[in-house]
file model36.txt (compact mmCIF, C-alpha atoms)
# COMPACT_ATOMS: atom_id res chain seq x y z
CA MET A 1 106.40 -34.30 23.26
CA PHE A 2 106.03 -33.78 19.53
CA LEU A 3 102.32 -34.55 19.75
CA ASP A 4 101.89 -32.05 22.55
CA THR A 5 103.61 -29.37 20.50
CA LEU A 6 101.50 -30.19 17.44
CA ALA A 7 98.29 -30.10 19.50
CA GLN A 8 99.26 -26.73 20.96
CA VAL A 9 100.02 -25.28 17.49
CA LEU A 10 96.69 -26.55 16.20
CA ARG A 11 94.83 -25.07 19.17
CA ASN A 12 96.56 -21.71 18.82
CA ASN A 13 96.00 -21.47 15.08
CA ALA A 14 92.62 -23.20 14.76
CA VAL A 15 90.85 -20.16 13.36
CA LEU A 16 93.58 -19.61 10.79
CA LEU A 17 93.54 -23.25 9.72
CA ILE A 18 89.75 -23.32 9.40
CA SER A 19 89.87 -20.09 7.40
CA VAL A 20 92.41 -21.58 4.98
CA ILE A 21 90.28 -24.70 4.58
CA ALA A 22 87.13 -22.62 4.02
CA LEU A 23 88.79 -20.38 1.44
CA SER A 24 90.28 -23.30 -0.45
CA SER A 25 86.87 -25.02 -0.44
CA LEU A 26 85.30 -21.84 -1.78
CA ALA A 27 87.89 -21.63 -4.57
CA VAL A 28 87.30 -25.25 -5.57
CA ASN A 29 83.53 -24.67 -5.48
CA ILE A 30 83.78 -21.62 -7.75
CA TRP A 31 86.03 -23.51 -10.17
CA LEU A 32 83.62 -26.45 -10.31
CA MET A 33 80.59 -24.19 -10.85
CA ARG A 34 82.32 -22.53 -13.80
CA LYS A 35 83.07 -25.98 -15.25
CA ILE A 36 79.42 -27.01 -14.80
CA VAL A 37 78.18 -23.90 -16.60
CA HIS A 38 80.61 -24.56 -19.45
CA VAL A 39 79.55 -28.21 -19.74
CA ARG A 40 75.83 -27.28 -19.71
CA HIS A 41 76.48 -24.80 -22.51
CA GLU A 42 78.22 -27.49 -24.55
CA VAL A 43 75.38 -29.94 -23.88
CA ASP A 44 72.85 -27.39 -25.14
CA HIS A 45 74.85 -26.95 -28.34
CA ALA A 46 75.18 -30.71 -28.78
CA ARG A 47 71.43 -31.19 -28.22
CA ALA A 48 70.62 -28.54 -30.82
CA ALA A 49 73.01 -30.13 -33.31
CA ALA A 50 71.49 -33.57 -32.68
CA GLU A 51 67.99 -32.22 -33.25
CA ASP A 52 69.08 -30.57 -36.50
CA ALA A 53 70.67 -33.83 -37.62
CA ALA A 54 67.51 -35.76 -36.70
CA ARG A 55 65.36 -33.32 -38.71
CA ALA A 56 67.66 -33.64 -41.72
CA ALA A 57 67.70 -37.43 -41.49
CA ALA A 58 63.92 -37.58 -41.16
CA LEU A 59 63.42 -35.36 -44.18
CA ALA A 60 65.86 -37.44 -46.23
CA ALA A 61 64.33 -40.78 -45.20
CA PRO A 62 61.78 -42.45 -47.43
CA GLY A 63 58.25 -42.92 -46.14
CA GLY A 64 57.44 -39.39 -45.03
CA ILE A 65 58.83 -39.45 -41.51
CA ASP A 66 57.78 -36.48 -39.40
CA PRO A 67 60.95 -34.75 -38.11
CA GLU A 68 59.16 -33.60 -34.95
CA ALA A 69 58.23 -37.22 -34.16
CA VAL A 70 61.90 -38.18 -34.39
CA ILE A 71 62.85 -35.34 -32.06
CA GLU A 72 60.12 -36.37 -29.61
CA VAL A 73 61.50 -39.92 -29.60
CA LEU A 74 65.00 -38.59 -28.92
CA ARG A 75 63.81 -36.26 -26.15
CA ARG A 76 61.86 -39.02 -24.43
CA GLY A 77 64.96 -41.20 -24.43
CA ILE A 78 63.38 -44.20 -26.09
CA PRO A 79 65.33 -46.07 -28.79
CA ALA A 80 65.19 -44.19 -32.10
CA THR A 81 63.86 -47.03 -34.23
CA LEU A 82 61.44 -46.70 -37.10
CA ASP A 83 58.81 -48.60 -35.12
CA ASN A 84 59.01 -46.10 -32.26
CA VAL A 85 58.96 -43.12 -34.61
CA TYR A 86 55.93 -44.48 -36.50
CA ALA A 87 54.19 -45.17 -33.15
CA VAL A 88 54.74 -41.55 -32.10
CA MET A 89 53.50 -40.36 -35.50
CA ARG A 90 50.33 -42.48 -35.17
CA ARG A 91 49.73 -41.19 -31.64
CA ARG A 92 50.14 -37.59 -32.77
CA GLU A 93 47.74 -38.16 -35.68
CA GLN A 94 45.16 -39.68 -33.33
CA GLN A 95 45.49 -36.72 -30.97
CA ALA A 96 45.07 -34.30 -33.88
CA ARG A 97 41.95 -36.14 -35.09
CA ALA A 98 40.51 -36.17 -31.56
CA ALA A 99 41.14 -32.45 -31.24
CA GLU A 100 39.44 -31.80 -34.59
CA GLU A 101 36.44 -33.91 -33.58
CA ASP A 102 36.16 -32.04 -30.28
CA ALA A 103 36.33 -28.71 -32.09
CA ALA A 104 33.69 -29.84 -34.60
CA ALA A 105 31.41 -31.06 -31.80
CA GLU A 106 31.63 -27.71 -30.03
CA GLU A 107 30.69 -25.65 -33.10
CA PRO A 108 27.12 -24.39 -32.96
CA VAL A 109 24.76 -25.88 -35.49
CA THR A 110 22.91 -23.30 -37.54
CA SER A 111 20.08 -23.92 -39.91
CA ALA A 112 20.04 -22.36 -43.35
CA LYS A 113 16.84 -20.50 -44.20
call {"tool": "encode", "arguments": {"input": "model36.txt", "output": "structure tokens"}}
result
Amino acid sequence: MFLDTLAQVLRNNAVLLISVIALSSLAVNIWLMRKIVHVRHEVDHARAAAEDAARAAALAAPGGIDPEAVIEVLRRGIPATLDNVYAVMRRREQQARAAEEDAAAEEPVTSAK
């Protein structure tokens, strides 16, 4: 008897119950989206602070470490060891040399008269 009464109440108020569930889901969704935006903002600030700290540490370190190489290592997610930083620095130097050689090869050769 109780189950019959409960089933009848649910059938009679189905639209109302679904509306309440939908509105509460919407409210939770909006709350979670606001939290996500806030967390992303904090992550951006933390990333900027970490990059500034990496630049400062690279400039203070002996051996002429390139701060941008340290930041590249951090952004790629590989361990921030001196070996990895020096490997990135060597790769960047090789790319710069290759670019200079390509630019020199493309320059027209003129003869002096």
call {"tool": "residues_around", "arguments": {"input": "model36.txt", "residues": "segment 58-62 of chain A", "least_positions_apart": "5", "cutoff": "12 Å", "atoms": "only C-alpha atoms", "output": "PyMOL selection string"}}
result
chain A and resi 51-53+67-71+80-82+85-86
call {"tool": "axis_aligned_box", "arguments": {"input": "model36.txt", "around": "segment 80-90 of chain A", "padding_each_side": "6 Å", "output": "AutoDock Vina command-line options"}}
result
--center_x 57.8 --center_y -44.5 --center_z -34.6 --size_x 26.9 --size_y 20.2 --size_z 17.0
call {"tool": "atom_distance", "arguments": {"input": "model36.txt", "atom1": "atom CA of Ser19 of chain A", "atom2": "atom CA of Leu6 of chain A"}}
result
18.4 Å
call {"tool": "closest_residue", "arguments": {"input": "model36.txt", "among": "A:Ala105, A:Met89, A:Ala98, A:Leu32", "to": "Gly64 of chain A", "atoms": "only C-alpha atoms"}}
result
A:Met89
call {"tool": "atom_distance", "arguments": {"input": "model36.txt", "atom1": "atom CA of Ser24 of chain A", "atom2": "atom CA of Arg40 of chain A"}}
result
24.4 Å
call {"tool": "atom_distance", "arguments": {"input": "model36.txt", "atom1": "atom CA of Gln94 of chain A", "atom2": "atom CA of Pro79 of chain A"}}
result
21.6 Å
call {"tool": "decode", "arguments": {"input": "model36.txt", "residues": "segment 16-55 of chain A", "atoms": "N, CA and C atoms", "output": "JSON list (two decimals), in the first residue's frame"}}
result
[["chain", "number", "residue", "atom", "x", "y", "z"],
["A", 16, "LEU", "N", 7.92, 17.84, -11.82],
["A", 16, "LEU", "CA", 8.45, 18.68, -10.74],
["A", 16, "LEU", "C", 9.75, 18.10, -10.19],
["A", 17, "LEU", "N", 9.78, 16.79, -9.98],
["A", 17, "LEU", "CA", 10.99, 16.15, -9.45],
["A", 17, "LEU", "C", 12.15, 16.26, -10.44],
["A", 18, "ILE", "N", 11.88, 16.04, -11.71],
["A", 18, "ILE", "CA", 12.94, 16.15, -12.72],
["A", 18, "ILE", "C", 13.43, 17.59, -12.82],
["A", 19, "SER", "N", 12.53, 18.54, -12.68],
["A", 19, "SER", "CA", 12.93, 19.95, -12.71],
["A", 19, "SER", "C", 13.84, 20.29, -11.53],
["A", 20, "VAL", "N", 13.51, 19.79, -10.36],
["A", 20, "VAL", "CA", 14.35, 20.04, -9.18],
["A", 20, "VAL", "C", 15.72, 19.41, -9.37],
["A", 21, "ILE", "N", 15.76, 18.21, -9.89],
["A", 21, "ILE", "CA", 17.04, 17.54, -10.14],
["A", 21, "ILE", "C", 17.85, 18.31, -11.18],
["A", 22, "ALA", "N", 17.21, 18.76, -12.24],
["A", 22, "ALA", "CA", 17.91, 19.51, -13.30],
["A", 22, "ALA", "C", 18.46, 20.83, -12.76],
["A", 23, "LEU", "N", 17.65, 21.55, -11.98],
["A", 23, "LEU", "CA", 18.11, 22.83, -11.44],
["A", 23, "LEU", "C", 19.25, 22.65, -10.44],
["A", 24, "SER", "N", 19.16, 21.62, -9.63],
["A", 24, "SER", "CA", 20.26, 21.39, -8.68],
["A", 24, "SER", "C", 21.52, 20.96, -9.42],
["A", 25, "SER", "N", 21.39, 20.20, -10.49],
["A", 25, "SER", "CA", 22.56, 19.82, -11.30],
["A", 25, "SER", "C", 23.17, 21.06, -11.96],
["A", 26, "LEU", "N", 22.32, 21.95, -12.43],
["A", 26, "LEU", "CA", 22.81, 23.18, -13.03],
["A", 26, "LEU", "C", 23.57, 24.03, -12.01],
["A", 27, "ALA", "N", 23.04, 24.13, -10.81],
["A", 27, "ALA", "CA", 23.70, 24.91, -9.76],
["A", 27, "ALA", "C", 25.07, 24.31, -9.40],
["A", 28, "VAL", "N", 25.13, 23.00, -9.29],
["A", 28, "VAL", "CA", 26.41, 22.35, -9.00],
["A", 28, "VAL", "C", 27.38, 22.56, -10.15],
["A", 29, "ASN", "N", 26.90, 22.47, -11.39],
["A", 29, "ASN", "CA", 27.75, 22.68, -12.56],
["A", 29, "ASN", "C", 28.32, 24.09, -12.58],
["A", 30, "ILE", "N", 27.50, 25.08, -12.32],
["A", 30, "ILE", "CA", 27.97, 26.48, -12.29],
["A", 30, "ILE", "C", 29.00, 26.67, -11.19],
["A", 31, "TRP", "N", 28.76, 26.11, -10.03],
["A", 31, "TRP", "CA", 29.71, 26.22, -8.92],
["A", 31, "TRP", "C", 31.04, 25.58, -9.28],
["A", 32, "LEU", "N", 31.00, 24.41, -9.89],
["A", 32, "LEU", "CA", 32.24, 23.72, -10.27],
["A", 32, "LEU", "C", 32.99, 24.48, -11.36],
["A", 33, "MET", "N", 32.29, 25.05, -12.32],
["A", 33, "MET", "CA", 32.95, 25.84, -13.37],
["A", 33, "MET", "C", 33.65, 27.05, -12.79],
["A", 34, "ARG", "N", 33.04, 27.71, -11.82],
["A", 34, "ARG", "CA", 33.68, 28.86, -11.17],
["A", 34, "ARG", "C", 34.94, 28.42, -10.44],
["A", 35, "LYS", "N", 34.88, 27.25, -9.79],
["A", 35, "LYS", "CA", 36.06, 26.72, -9.09],
["A", 35, "LYS", "C", 37.17, 26.41, -10.09],
["A", 36, "ILE", "N", 36.81, 25.84, -11.24],
["A", 36, "ILE", "CA", 37.81, 25.50, -12.26],
["A", 36, "ILE", "C", 38.49, 26.76, -12.78],
["A", 37, "VAL", "N", 37.72, 27.80, -13.04],
["A", 37, "VAL", "CA", 38.30, 29.06, -13.52],
["A", 37, "VAL", "C", 39.25, 29.61, -12.48],
["A", 38, "HIS", "N", 38.87, 29.57, -11.22],
["A", 38, "HIS", "CA", 39.72, 30.07, -10.14],
["A", 38, "HIS", "C", 41.01, 29.26, -10.05],
["A", 39, "VAL", "N", 40.91, 27.95, -10.14],
["A", 39, "VAL", "CA", 42.10, 27.09, -10.05],
["A", 39, "VAL", "C", 43.02, 27.33, -11.25],
["A", 40, "ARG", "N", 42.46, 27.47, -12.44],
["A", 40, "ARG", "CA", 43.29, 27.76, -13.63],
["A", 40, "ARG", "C", 44.03, 29.08, -13.47],
["A", 41, "HIS", "N", 43.37, 30.06, -12.91],
["A", 41, "HIS", "CA", 44.00, 31.36, -12.68],
["A", 41, "HIS", "C", 45.18, 31.20, -11.70],
["A", 42, "GLU", "N", 44.97, 30.44, -10.65],
["A", 42, "GLU", "CA", 46.05, 30.21, -9.68],
["A", 42, "GLU", "C", 47.19, 29.42, -10.30],
["A", 43, "VAL", "N", 46.88, 28.47, -11.16],
["A", 43, "VAL", "CA", 47.92, 27.69, -11.84],
["A", 43, "VAL", "C", 48.74, 28.60, -12.75],
["A", 44, "ASP", "N", 48.10, 29.51, -13.45],
["A", 44, "ASP", "CA", 48.83, 30.44, -14.31],
["A", 44, "ASP", "C", 49.79, 31.30, -13.49],
["A", 45, "HIS", "N", 49.32, 31.78, -12.34],
["A", 45, "HIS", "CA", 50.20, 32.57, -11.47],
["A", 45, "HIS", "C", 51.36, 31.73, -10.94],
["A", 46, "ALA", "N", 51.08, 30.50, -10.56],
["A", 46, "ALA", "CA", 52.13, 29.62, -10.05],
["A", 46, "ALA", "C", 53.14, 29.31, -11.15],
["A", 47, "ARG", "N", 52.67, 29.08, -12.37],
["A", 47, "ARG", "CA", 53.59, 28.81, -13.49],
["A", 47, "ARG", "C", 54.48, 30.01, -13.75],
["A", 48, "ALA", "N", 53.92, 31.21, -13.73],
["A", 48, "ALA", "CA", 54.71, 32.41, -13.95],
["A", 48, "ALA", "C", 55.75, 32.59, -12.85],
["A", 49, "ALA", "N", 55.35, 32.33, -11.61],
["A", 49, "ALA", "CA", 56.30, 32.44, -10.50],
["A", 49, "ALA", "C", 57.41, 31.40, -10.61],
["A", 50, "ALA", "N", 57.06, 30.19, -11.05],
["A", 50, "ALA", "CA", 58.08, 29.15, -11.21],
["A", 50, "ALA", "C", 59.05, 29.50, -12.33],
["A", 51, "GLU", "N", 58.55, 30.08, -13.41],
["A", 51, "GLU", "CA", 59.45, 30.49, -14.49],
["A", 51, "GLU", "C", 60.37, 31.62, -14.04],
["A", 52, "ASP", "N", 59.84, 32.56, -13.29],
["A", 52, "ASP", "CA", 60.70, 33.63, -12.76],
["A", 52, "ASP", "C", 61.77, 33.08, -11.83],
["A", 53, "ALA", "N", 61.39, 32.12, -10.99],
["A", 53, "ALA", "CA", 62.36, 31.51, -10.09],
["A", 53, "ALA", "C", 63.41, 30.73, -10.88],
["A", 54, "ALA", "N", 62.99, 30.05, -11.93],
["A", 54, "ALA", "CA", 63.95, 29.30, -12.76],
["A", 54, "ALA", "C", 64.92, 30.25, -13.45],
["A", 55, "ARG", "N", 64.42, 31.37, -13.95],
["A", 55, "ARG", "CA", 65.31, 32.36, -14.58],
["A", 55, "ARG", "C", 66.32, 32.89, -13.56]]
